[in-house]
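J.: My structure file my_file.json, JSON, C-alpha atoms, is below:
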```
[["chain", "number", "residue", "atom", "x", "y", "z"],
["B", 26, "MET", "CA", -137.03, -17.41, -107.16],
["B", 27, "LYS", "CA", -137.63, -14.61, -104.68],
["B", 28, "LYS", "CA", -138.26, -15.55, -101.09],
["B", 29, "LEU", "CA", -141.73, -14.77, -99.77],
["B", 30, "SER", "CA", -140.31, -12.18, -97.33],
["B", 31, "GLU", "CA", -138.71, -10.33, -100.27],
["B", 32, "LYS", "CA", -141.98, -10.40, -102.24],
["B", 33, "LEU", "CA", -143.96, -9.06, -99.30],
["B", 34, "HIS", "CA", -141.42, -6.33, -98.56],
["B", 35, "HIS", "CA", -141.27, -5.27, -102.21],
["B", 36, "TYR", "CA", -145.06, -5.31, -102.56],
["B", 37, "PHE", "CA", -145.91, -3.39, -99.38],
["B", 38, "PHE", "CA", -142.90, -1.12, -98.82],
["B", 39, "GLU", "CA", -141.23, -0.48, -102.19],
["B", 40, "GLU", "CA", -144.13, -0.21, -104.66],
["B", 41, "GLU", "CA", -146.98, 2.26, -104.59],
["B", 42, "ARG", "CA", -150.14, 0.67, -103.24],
["B", 43, "PRO", "CA", -153.75, 1.82, -102.96],
["B", 44, "GLU", "CA", -155.05, 2.83, -99.53],
["B", 45, "LYS", "CA", -156.89, -0.51, -99.22],
["B", 46, "VAL", "CA", -155.33, -3.95, -99.75],
["B", 47, "SER", "CA", -157.43, -7.13, -99.91],
["B", 48, "LEU", "CA", -156.49, -10.63, -98.80],
["B", 49, "ALA", "CA", -156.79, -11.69, -102.44],
["B", 50, "ASN", "CA", -153.92, -9.28, -103.26],
["B", 51, "VAL", "CA", -151.77, -10.80, -100.52],
["B", 52, "PHE", "CA", -152.53, -14.43, -101.42],
["B", 53, "ALA", "CA", -151.73, -13.71, -105.09],
["B", 54, "LEU", "CA", -148.09, -13.20, -104.08],
["B", 55, "THR", "CA", -147.78, -16.87, -103.13],
["B", 56, "GLU", "CA", -148.25, -18.06, -106.73],
["B", 57, "GLU", "CA", -148.99, -21.79, -106.84],
["B", 58, "ARG", "CA", -148.14, -22.49, -103.19],
["B", 59, "LEU", "CA", -151.59, -21.66, -101.98],
["B", 60, "PHE", "CA", -151.78, -23.84, -98.88],
["B", 61, "GLY", "CA", -148.61, -22.78, -97.11],
["B", 62, "PHE", "CA", -148.89, -19.02, -96.95],
["B", 63, "PRO", "CA", -152.55, -18.63, -95.86],
["B", 64, "LEU", "CA", -151.96, -21.19, -93.10],
["B", 65, "ALA", "CA", -148.72, -19.53, -91.98],
["B", 66, "LEU", "CA", -150.33, -16.09, -92.06],
["B", 67, "ILE", "CA", -153.35, -17.14, -89.98],
["B", 68, "ALA", "CA", -151.18, -19.15, -87.57],
["B", 69, "PHE", "CA", -148.91, -16.14, -87.04],
["B", 70, "LEU", "CA", -151.96, -13.99, -86.30],
["B", 71, "SER", "CA", -153.20, -16.66, -83.88],
["B", 72, "ILE", "CA", -149.89, -16.81, -81.98],
["B", 73, "PHE", "CA", -150.05, -13.10, -81.20],
["B", 74, "ALA", "CA", -153.84, -12.79, -81.15],
["B", 75, "ILE", "CA", -155.73, -10.91, -78.51],
["B", 76, "PRO", "CA", -157.77, -13.12, -76.15],
["B", 77, "GLY", "CA", -161.12, -14.18, -77.54],
["B", 78, "THR", "CA", -160.07, -14.39, -81.20],
["B", 79, "SER", "CA", -158.62, -17.92, -81.14],
["B", 80, "PHE", "CA", -161.96, -19.45, -82.22],
["B", 81, "ILE", "CA", -162.03, -17.35, -85.40],
["B", 82, "PHE", "CA", -158.42, -18.11, -86.34],
["B", 83, "GLY", "CA", -158.80, -21.78, -85.39],
["B", 84, "MET", "CA", -161.83, -22.21, -87.63],
["B", 85, "ALA", "CA", -160.04, -20.46, -90.50],
["B", 86, "MET", "CA", -157.06, -22.82, -90.15],
["B", 87, "LEU", "CA", -159.32, -25.86, -89.76],
["B", 88, "SER", "CA", -161.16, -25.05, -92.99],
["B", 89, "ILE", "CA", -157.84, -25.03, -94.88],
["B", 90, "THR", "CA", -156.26, -28.07, -93.19],
["B", 91, "LEU", "CA", -159.37, -30.19, -93.84],
["B", 92, "GLN", "CA", -159.05, -29.40, -97.54],
["B", 93, "LEU", "CA", -155.41, -30.50, -97.33],
["B", 94, "CYS", "CA", -156.66, -33.80, -95.85],
["B", 95, "LEU", "CA", -158.93, -34.24, -98.86],
["B", 96, "GLY", "CA", -155.98, -33.96, -101.21],
["B", 97, "GLN", "CA", -157.08, -30.75, -102.89],
["B", 98, "SER", "CA", -154.43, -28.95, -104.92],
["B", 99, "LYS", "CA", -155.76, -25.52, -103.98],
["B", 100, "PRO", "CA", -157.64, -24.40, -100.90],
["B", 101, "TRP", "CA", -161.09, -22.97, -101.43],
["B", 102, "VAL", "CA", -161.45, -19.63, -99.67],
["B", 103, "PRO", "CA", -164.83, -17.86, -99.67],
["B", 104, "ARG", "CA", -164.90, -14.86, -101.98],
["B", 105, "LYS", "CA", -166.18, -12.71, -99.13],
["B", 106, "VAL", "CA", -163.07, -13.57, -97.11],
["B", 107, "LEU", "CA", -160.76, -12.84, -100.06],
["B", 108, "GLN", "CA", -162.44, -9.47, -100.49],
["B", 109, "THR", "CA", -161.69, -8.52, -96.89],
["B", 110, "SER", "CA", -159.52, -5.43, -97.08],
["B", 111, "PHE", "CA", -157.24, -3.58, -94.70],
["B", 112, "SER", "CA", -155.83, -0.09, -94.73],
["B", 113, "LEU", "CA", -152.29, 0.09, -96.10],
["B", 114, "PRO", "CA", -150.76, 1.47, -92.83],
["B", 115, "GLN", "CA", -152.50, -1.30, -90.87],
["B", 116, "ILE", "CA", -151.19, -4.11, -93.06],
["B", 117, "GLN", "CA", -147.73, -2.52, -93.28],
["B", 118, "ARG", "CA", -147.60, -2.51, -89.48],
["B", 119, "PHE", "CA", -148.50, -6.22, -89.41],
["B", 120, "MET", "CA", -145.97, -7.04, -92.15],
["B", 121, "GLY", "CA", -143.37, -5.20, -90.10],
["B", 122, "TYR", "CA", -143.77, -7.97, -87.50],
["B", 123, "LEU", "CA", -144.19, -10.88, -89.91],
["B", 124, "ILE", "CA", -141.37, -10.22, -92.41],
["B", 125, "PRO", "CA", -138.49, -10.38, -89.85],
["B", 126, "TRP", "CA", -139.84, -13.73, -88.62],
["B", 127, "LEU", "CA", -140.05, -15.00, -92.19],
["B", 128, "LYS", "CA", -136.47, -13.91, -92.87],
["B", 129, "ARG", "CA", -135.19, -15.82, -89.84],
["B", 130, "VAL", "CA", -136.94, -19.01, -90.92],
["B", 131, "GLU", "CA", -136.00, -18.61, -94.59],
["B", 132, "LYS", "CA", -132.30, -18.59, -93.67],
["B", 133, "ILE", "CA", -132.54, -22.26, -92.76],
["B", 134, "THR", "CA", -135.07, -23.39, -95.38],
["B", 135, "LYS", "CA", -134.36, -25.05, -98.70],
["B", 136, "PRO", "CA", -136.13, -27.62, -100.88],
["B", 137, "ARG", "CA", -135.60, -31.00, -99.21],
["B", 138, "LEU", "CA", -137.73, -34.07, -98.53],
["B", 139, "THR", "CA", -140.16, -32.48, -100.99],
["B", 140, "PRO", "CA", -142.50, -35.55, -101.20],
["B", 141, "ILE", "CA", -143.77, -34.56, -97.74],
["B", 142, "CYS", "CA", -144.99, -31.29, -99.25],
["B", 143, "HIS", "CA", -146.00, -32.50, -102.73],
["B", 144, "SER", "CA", -147.06, -36.15, -102.60],
["B", 145, "LEU", "CA", -150.71, -36.94, -101.90],
["B", 146, "PRO", "CA", -149.98, -39.23, -98.89],
["B", 147, "GLY", "CA", -147.63, -36.64, -97.39],
["B", 148, "ARG", "CA", -150.13, -33.82, -97.72],
["B", 149, "ILE", "CA", -152.98, -35.94, -96.33],
["B", 150, "ILE", "CA", -150.95, -36.96, -93.25],
["B", 151, "LEU", "CA", -149.87, -33.36, -92.79],
["B", 152, "GLY", "CA", -153.47, -32.22, -93.14],
["B", 153, "ILE", "CA", -154.74, -34.69, -90.52],
["B", 154, "ILE", "CA", -152.14, -33.65, -87.93],
["B", 155, "LEU", "CA", -152.61, -29.94, -88.57],
["B", 156, "SER", "CA", -156.40, -30.32, -88.43],
["B", 157, "ALA", "CA", -156.00, -31.74, -84.91],
["B", 158, "MET", "CA", -153.88, -28.70, -84.01],
["B", 159, "ALA", "CA", -156.42, -26.29, -85.52],
["B", 160, "LEU", "CA", -159.15, -27.99, -83.50],
["B", 161, "LEU", "CA", -157.15, -27.40, -80.30],
["B", 162, "VAL", "CA", -156.90, -23.72, -81.23],
["B", 163, "VAL", "CA", -160.70, -23.63, -81.63],
["B", 164, "LEU", "CA", -161.41, -25.28, -78.27],
["B", 165, "PRO", "CA", -161.55, -22.92, -75.27],
["B", 166, "ILE", "CA", -158.64, -24.54, -73.40],
["B", 167, "PRO", "CA", -156.65, -21.91, -71.45],
["B", 168, "GLY", "CA", -152.99, -21.87, -72.51],
["B", 169, "ALA", "CA", -153.46, -24.60, -75.12],
["B", 170, "ASN", "CA", -153.71, -22.39, -78.22],
["B", 171, "THR", "CA", -150.20, -21.07, -78.73],
["B", 172, "VAL", "CA", -148.22, -24.31, -79.22],
["B", 173, "PRO", "CA", -150.67, -25.71, -81.85],
["B", 174, "ALA", "CA", -150.47, -22.40, -83.74],
["B", 175, "ILE", "CA", -146.65, -22.57, -83.65],
["B", 176, "ALA", "CA", -146.77, -26.15, -85.00],
["B", 177, "ILE", "CA", -149.05, -25.05, -87.84],
["B", 178, "PHE", "CA", -146.82, -22.02, -88.56],
["B", 179, "PHE", "CA", -143.67, -24.14, -89.05],
["B", 180, "ALA", "CA", -145.45, -26.88, -91.04],
["B", 181, "ALA", "CA", -147.14, -24.28, -93.26],
["B", 182, "LEU", "CA", -143.85, -22.50, -93.96],
["B", 183, "GLY", "CA", -142.43, -25.89, -94.91],
["B", 184, "LEU", "CA", -145.23, -26.22, -97.47],
["B", 185, "GLN", "CA", -144.54, -22.70, -98.71],
["B", 186, "GLU", "CA", -140.79, -23.27, -99.12],
["B", 187, "ASP", "CA", -140.95, -26.94, -100.26],
["B", 188, "ASP", "CA", -139.02, -27.83, -97.11],
["B", 189, "GLY", "CA", -140.17, -31.20, -95.84],
["B", 190, "VAL", "CA", -137.80, -30.96, -92.85],
["B", 191, "LEU", "CA", -139.54, -27.80, -91.64],
["B", 192, "SER", "CA", -142.95, -29.44, -92.13],
["B", 193, "LEU", "CA", -141.68, -32.45, -90.16],
["B", 194, "LEU", "CA", -140.61, -30.07, -87.38],
["B", 195, "GLY", "CA", -144.13, -28.67, -87.27],
["B", 196, "MET", "CA", -145.60, -32.18, -87.16],
["B", 197, "ALA", "CA", -143.14, -33.20, -84.42],
["B", 198, "ILE", "CA", -144.18, -30.21, -82.28],
["B", 199, "ALA", "CA", -147.82, -31.17, -82.90],
["B", 200, "LEU", "CA", -147.34, -34.85, -81.97],
["B", 201, "ILE", "CA", -145.35, -34.03, -78.82],
["B", 202, "PHE", "CA", -148.02, -31.55, -77.76],
["B", 203, "MET", "CA", -150.79, -34.09, -78.39],
["B", 204, "GLY", "CA", -148.82, -36.61, -76.33],
["B", 205, "VAL", "CA", -148.59, -34.12, -73.46],
["B", 206, "ILE", "CA", -152.33, -33.39, -73.66],
["B", 207, "ILE", "CA", -153.22, -37.11, -73.69],
["B", 208, "GLY", "CA", -150.82, -37.74, -70.80],
["B", 209, "LEU", "CA", -152.37, -34.95, -68.72],
["B", 210, "MET", "CA", -155.86, -36.24, -69.46],
["B", 211, "TRP", "CA", -154.86, -39.80, -68.48],
["B", 212, "THR", "CA", -153.21, -38.59, -65.27],
["B", 213, "GLY", "CA", -156.22, -36.42, -64.41],
["B", 214, "SER", "CA", -158.58, -39.33, -65.03],
["B", 215, "ASN", "CA", -156.55, -41.60, -62.72],
["B", 216, "ILE", "CA", -156.44, -38.95, -59.97],
["B", 217, "PHE", "CA", -160.19, -38.43, -60.32],
["B", 218, "GLN", "CA", -160.80, -42.20, -59.95],
["B", 219, "VAL", "CA", -158.57, -42.41, -56.87],
["B", 220, "ILE", "CA", -160.29, -39.48, -55.16],
["B", 221, "PHE", "CA", -163.85, -40.52, -55.89],
["B", 222, "ARG", "CA", -163.48, -44.31, -55.72]]
```
Would you mind writing the structure in this file as structure tokens?
T.:
Amino acid sequence: MKKLSEKLHHYFFEEERPEKVSLANVFALTEERLFGFPLALIAFLSIFAIPGTSFIFGMAMLSITLQLCLGQSKPWVPRKVLQTSFSLPQIQRFMGYLIPWLKRVEKITKPRLTPICHSLPGRIILGIILSAMALLVVLPIPGANTVPAIAIFFAALGLQEDDGVLSLLGMAIALIFMGVIIGLMWTGSNIFQVIFR
């Protein structure tokens, strides 16, 4: 089976394409693995997003991760979103950034611990943790958007490649980050109580 990076490169750089490409065309390349790639794509956009767009990307990721929590086999994406199209040069420029990253990750991926990616309990737990990360991306917390997006990116690529270890890495990043956030909140609360007691 071709790696996703190979499919994307072949589709956008080796074949003739119309001047406009829709998200539906891109998602069709992922075949049955419909949760992993959309999440990874949006997370990648969020990592390198311009300021002020994190709410949009966070909500998009949250809508998909919540469906993962519910145990759905396929994510529902609004038709209007799927019909969103981009000019071919624009999407080729974006793929020029994404494909090298995918290739680096794909070198270390392989099907392993697949129940994490395929079993209902595994997908629900993954969905709950990633939903918490997506919510942090949505919230206007300065400097707190990038790490959750990175966690979602790795976990989503694990789903895409049937690599439970990579998904576990994403969940580990998420849990450590949540621990740091909770620790900072607890410390801040204690300092506040000491000052204003």
J.: Taking 5 positions as the minimum chain separation for residues in the same chain, which residues sit within 10 Å of His34 of chain B when counting only C-alpha atoms? Answer as an NGL selection string.
T.: :B and (29 or 39-40 or 117 or 120-121 or 124)
J.: Take the residues from that selection and put them in a file with C-alpha atoms, as a compact mmCIF listing (two decimals), in the coordinates of the input.
T.:
```
# COMPACT_ATOMS: atom_id res chain seq x y z
CA LEU B 29 -141.73 -14.77 -99.77
CA GLU B 39 -141.23 -0.48 -102.19
CA GLU B 40 -144.13 -0.21 -104.66
CA GLN B 117 -147.73 -2.52 -93.28
CA MET B 120 -145.97 -7.04 -92.15
CA GLY B 121 -143.37 -5.20 -90.10
CA ILE B 124 -141.37 -10.22 -92.41
```
J.: Find the spatial neighbours of Val190 of chain B, counting only C-alpha atoms, within a cut-off of 12 Å - ignore same-chain residues fewer than 6 positions away - and output them as a PDB file with C-alpha atoms, keeping the file's coordinate frame.
T.:
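Wrote it out as part.pdb, contents follow:
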```pdb
ATOM      1  CA  ILE B 133    -132.540 -22.260 -92.760  1.00  0.00           C
ATOM      2  CA  THR B 134    -135.070 -23.390 -95.380  1.00  0.00           C
ATOM      3  CA  LYS B 135    -134.360 -25.050 -98.700  1.00  0.00           C
ATOM      4  CA  PRO B 136    -136.130 -27.620-100.880  1.00  0.00           C
ATOM      5  CA  ARG B 137    -135.600 -31.000 -99.210  1.00  0.00           C
ATOM      6  CA  LEU B 138    -137.730 -34.070 -98.530  1.00  0.00           C
ATOM      7  CA  THR B 139    -140.160 -32.480-100.990  1.00  0.00           C
ATOM      8  CA  PRO B 140    -142.500 -35.550-101.200  1.00  0.00           C
ATOM      9  CA  ILE B 141    -143.770 -34.560 -97.740  1.00  0.00           C
ATOM     10  CA  CYS B 142    -144.990 -31.290 -99.250  1.00  0.00           C
ATOM     11  CA  PHE B 179    -143.670 -24.140 -89.050  1.00  0.00           C
ATOM     12  CA  ALA B 180    -145.450 -26.880 -91.040  1.00  0.00           C
ATOM     13  CA  ALA B 181    -147.140 -24.280 -93.260  1.00  0.00           C
ATOM     14  CA  LEU B 182    -143.850 -22.500 -93.960  1.00  0.00           C
ATOM     15  CA  GLY B 183    -142.430 -25.890 -94.910  1.00  0.00           C
ATOM     16  CA  LEU B 184    -145.230 -26.220 -97.470  1.00  0.00           C
ATOM     17  CA  MET B 196    -145.600 -32.180 -87.160  1.00  0.00           C
ATOM     18  CA  ALA B 197    -143.140 -33.200 -84.420  1.00  0.00           C
TER      19      ALA B 197
END
```
J.: List the spatial neighbours of Pro146 of chain B as a list of chain:residue names - criterion: any atom at most 12 Å away, only C-alpha atoms, same-chain residues fewer than 5 positions off excluded.
T.: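 Contacts, with the query itself left out: B:Leu93, B:Cys94, B:Leu95, B:Gly96, B:Gln97, B:Pro140, B:Ile141, B:Leu151, B:Gly152, B:Ile153.
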J.: Keeping only C-alpha atoms, write those residues as an mmCIF file, in the coordinates of the input.
T.:
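This is the output file selection.cif:
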```
data_model
loop_
_atom_site.group_PDB
_atom_site.id
_atom_site.type_symbol
_atom_site.label_atom_id
_atom_site.label_comp_id
_atom_site.auth_asym_id
_atom_site.auth_seq_id
_atom_site.Cartn_x
_atom_site.Cartn_y
_atom_site.Cartn_z
ATOM 1 C CA LEU B 93 -155.410 -30.500 -97.330
ATOM 2 C CA CYS B 94 -156.660 -33.800 -95.850
ATOM 3 C CA LEU B 95 -158.930 -34.240 -98.860
ATOM 4 C CA GLY B 96 -155.980 -33.960 -101.210
ATOM 5 C CA GLN B 97 -157.080 -30.750 -102.890
ATOM 6 C CA PRO B 140 -142.500 -35.550 -101.200
ATOM 7 C CA ILE B 141 -143.770 -34.560 -97.740
ATOM 8 C CA LEU B 151 -149.870 -33.360 -92.790
ATOM 9 C CA GLY B 152 -153.470 -32.220 -93.140
ATOM 10 C CA ILE B 153 -154.740 -34.690 -90.520
#
```
J.: Residues at most 6 Å from Ser47 of chain B, counting all atoms listed in the file, excluding those fewer than 4 positions away in the same chain, as a PDB file with C-alpha atoms, in the frame of the given file?
T.:
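And here is the file that came out, result_15.pdb:
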```pdb
ATOM      1  CA  GLN B 108    -162.440  -9.470-100.490  1.00  0.00           C
ATOM      2  CA  THR B 109    -161.690  -8.520 -96.890  1.00  0.00           C
ATOM      3  CA  SER B 110    -159.520  -5.430 -97.080  1.00  0.00           C
TER       4      SER B 110
END
```
J.: Which value, in Å to one decimal, gives the distance between atom CA of Glu41 of chain B and atom CA of Ser112 of chain B?
T.: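 We find that atom CA of Glu41 of chain B and atom CA of Ser112 of chain B lie 13.5 Å from each other.
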J.: At a cut-off of 10 Å around the point (-149.3, -24.1, -86.7) (file coordinates), what residues fall inside when counting only C-alpha atoms? I'd like the answer as an MDAnalysis selection string.
T.: chainID B and resid 64:69 71:72 83 86 155:156 158:159 162 170:182 192 195:196 198:199
J.: Taking all atoms of segment 153-172 of chain B that appear in the file, build a box with edges along x, y and z, extend it by 4 Å on every side, and state its centre and edge lengths in Å to one decimal, as lines of an AutoDock Vina configuration file.
T.:
```
center_x = -154.9
center_y = -27.9
center_z = -81.0
size_x = 21.3
size_y = 21.6
size_z = 27.1
```
J.: Which of these residues is nearest to Leu54 of chain B, using all atoms listed in the file: B:Ala157, B:Val130, B:Gln185, B:Leu193?
T.: B:Gln185
J.: Atom CA of Val102 of chain B and atom CA of Leu87 of chain B are how many Å apart?
T.: 11.9 Å
J.: May I ask which of the residues B:Ala53, B:Ser79, B:Phe38, B:Leu48 is the closest one to Leu164 of chain B, counting all atoms listed in the file?
T.: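 The shortest atom-to-atom distance to Leu164 of chain B comes from B:Ser79.
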J.: In Å, rounded to a single decimal, give me how far atom CA of Ser30 of chain B is from atom CA of His143 of chain B.
T.: 21.8 Å
J.: Which one of B:Val163, B:Val46, B:Phe217, B:Trp126 sits closest to Pro114 of chain B if you count all atoms listed in the file?
T.: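 Checking each candidate against Pro114 of chain B, we get B:Val46 as the closest.
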